[in-house]
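See below for the structure under consideration.
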Amino acid sequence: MKRSGNPGAEATSSSVAGPDCCGGLGNIDFRQADFCVMTRLLGYVDPLDPSFVAAVITIAFNPLYWNVVARWEHKTRKLSRAFGSPYLACYSLSVTILLLNFLRSHCFTQAMLSQPRMESLDTPAAYSLGLALLGLGVVLVLSSFFALGFTGTFLGDYFGILKEARVTMFPFNILDNPMYWGSTANYLGWAIIPAPAGAVGSEARQPHGPAPDGAGGPHLHGGPPIRRALHC
């Protein structure tokens, strides 16, 4: 600590920031942490399920793919030169995007069928919420498509295919990224609505009752080893 020449001046610290008063994370005893909430969540998600892993990979890969390809085309114009036209190049990219989206939807559906299902989702209210989200998602996605057009939807601006003016009609007048929000609402509603009776894997999504040993939470004794091991 040092003082200025003015006797009435307050003391100021010579360092920018002093040490953490609580000692940072070093004083936290993680052995005392309660992981019951995480354990209950893992009772409804099997992260080692191949369908779940495939869904996560496709969900992460698809936007990465089309953004990387579109930015590469914007910088090099190699796709436009290879196809002889920016429109043909854009249409070709759109075909691969649509195929990847079909694959993503299939993987997502298989993951929903193979994963356990929360009891609270098997109610009329949850079913109505799922339908409402699906309806909202369809409206946002279709209205965005009609407002942008085919090339506008499938990254035509990266191929030099530009519109005369910025699109400001519905739904772009209420949201900045309506197609992304619509897709999110579609998948969320899809996950909430129960699987049809008799669907392959639908028995895996049946609600799990309380554990017979009174420990609470979903019934994990017949589930995958990771959930049995983490059951509290």
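In the structure tokens, the first chain shown is A, the next is B, and so on; residue numbers restart at 1 for each chain, and ligands run from 1 in the order shown.
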Excluding range 158-167 of chain A and any residue of its chain fewer than 6 positions from it, enumerate the residues within 9 Å of it, using only C-alpha atoms, and give them as a PyMOL selection string.
-> chain A and resi 70-75+77+79-80+86-87+89-90+147-148+151-152+173
Enumerate, as JSON, numbers by chain, the complete set of residues in range 84-124 of chain A that a backbone-based DSSP assignment places in alpha helix (DSSP H).
-> {"A": [86, 87, 88, 89, 90, 91, 92, 93, 94, 95, 96, 97, 98, 99, 100, 101, 102, 103, 104, 105, 106, 107, 108, 109, 110, 111, 112, 113, 114, 124]}
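Taking CA of Ser128 in chain A and CA of Ile192 in chain A as endpoints, the distance between them is 9.3 Å.
Between CA of Thr123 in chain A and CA of Phe52 in chain A the interatomic distance comes to 24.2 Å.
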In Å, rounded to a single decimal, give me how far CA of Ala111 in chain A is from CA of Pro50 in chain A.
-> 8.2 Å
Among listed residues A:Thr184, A:Ile59, A:Ala191, A:Ser143, nearest Phe172 in chain A (using only C-alpha atoms) =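 Counting only C-alpha atoms, the residue closest to Phe172 in chain A is A:Ser143.
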Hey, which of A:Pro171, A:Val56, A:Met179, A:Leu131 ends up closest to Met112 in chain A? Count only C-alpha atoms.
-> A:Val56
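Non-sequential neighbours of Leu188 in chain A (distance at most 12 Å, separation of 4 or more positions within a chain, only C-alpha atoms) are Phe108, Thr109, Met112, Ala126, Tyr127, Leu129, Gly130, Leu131, Ala132, Leu133, Leu134, Gly135, Leu136, Gly137, Trp181, Gly182, Ser183, Thr184, Ile192, Ile193 and Pro194 of chain A.
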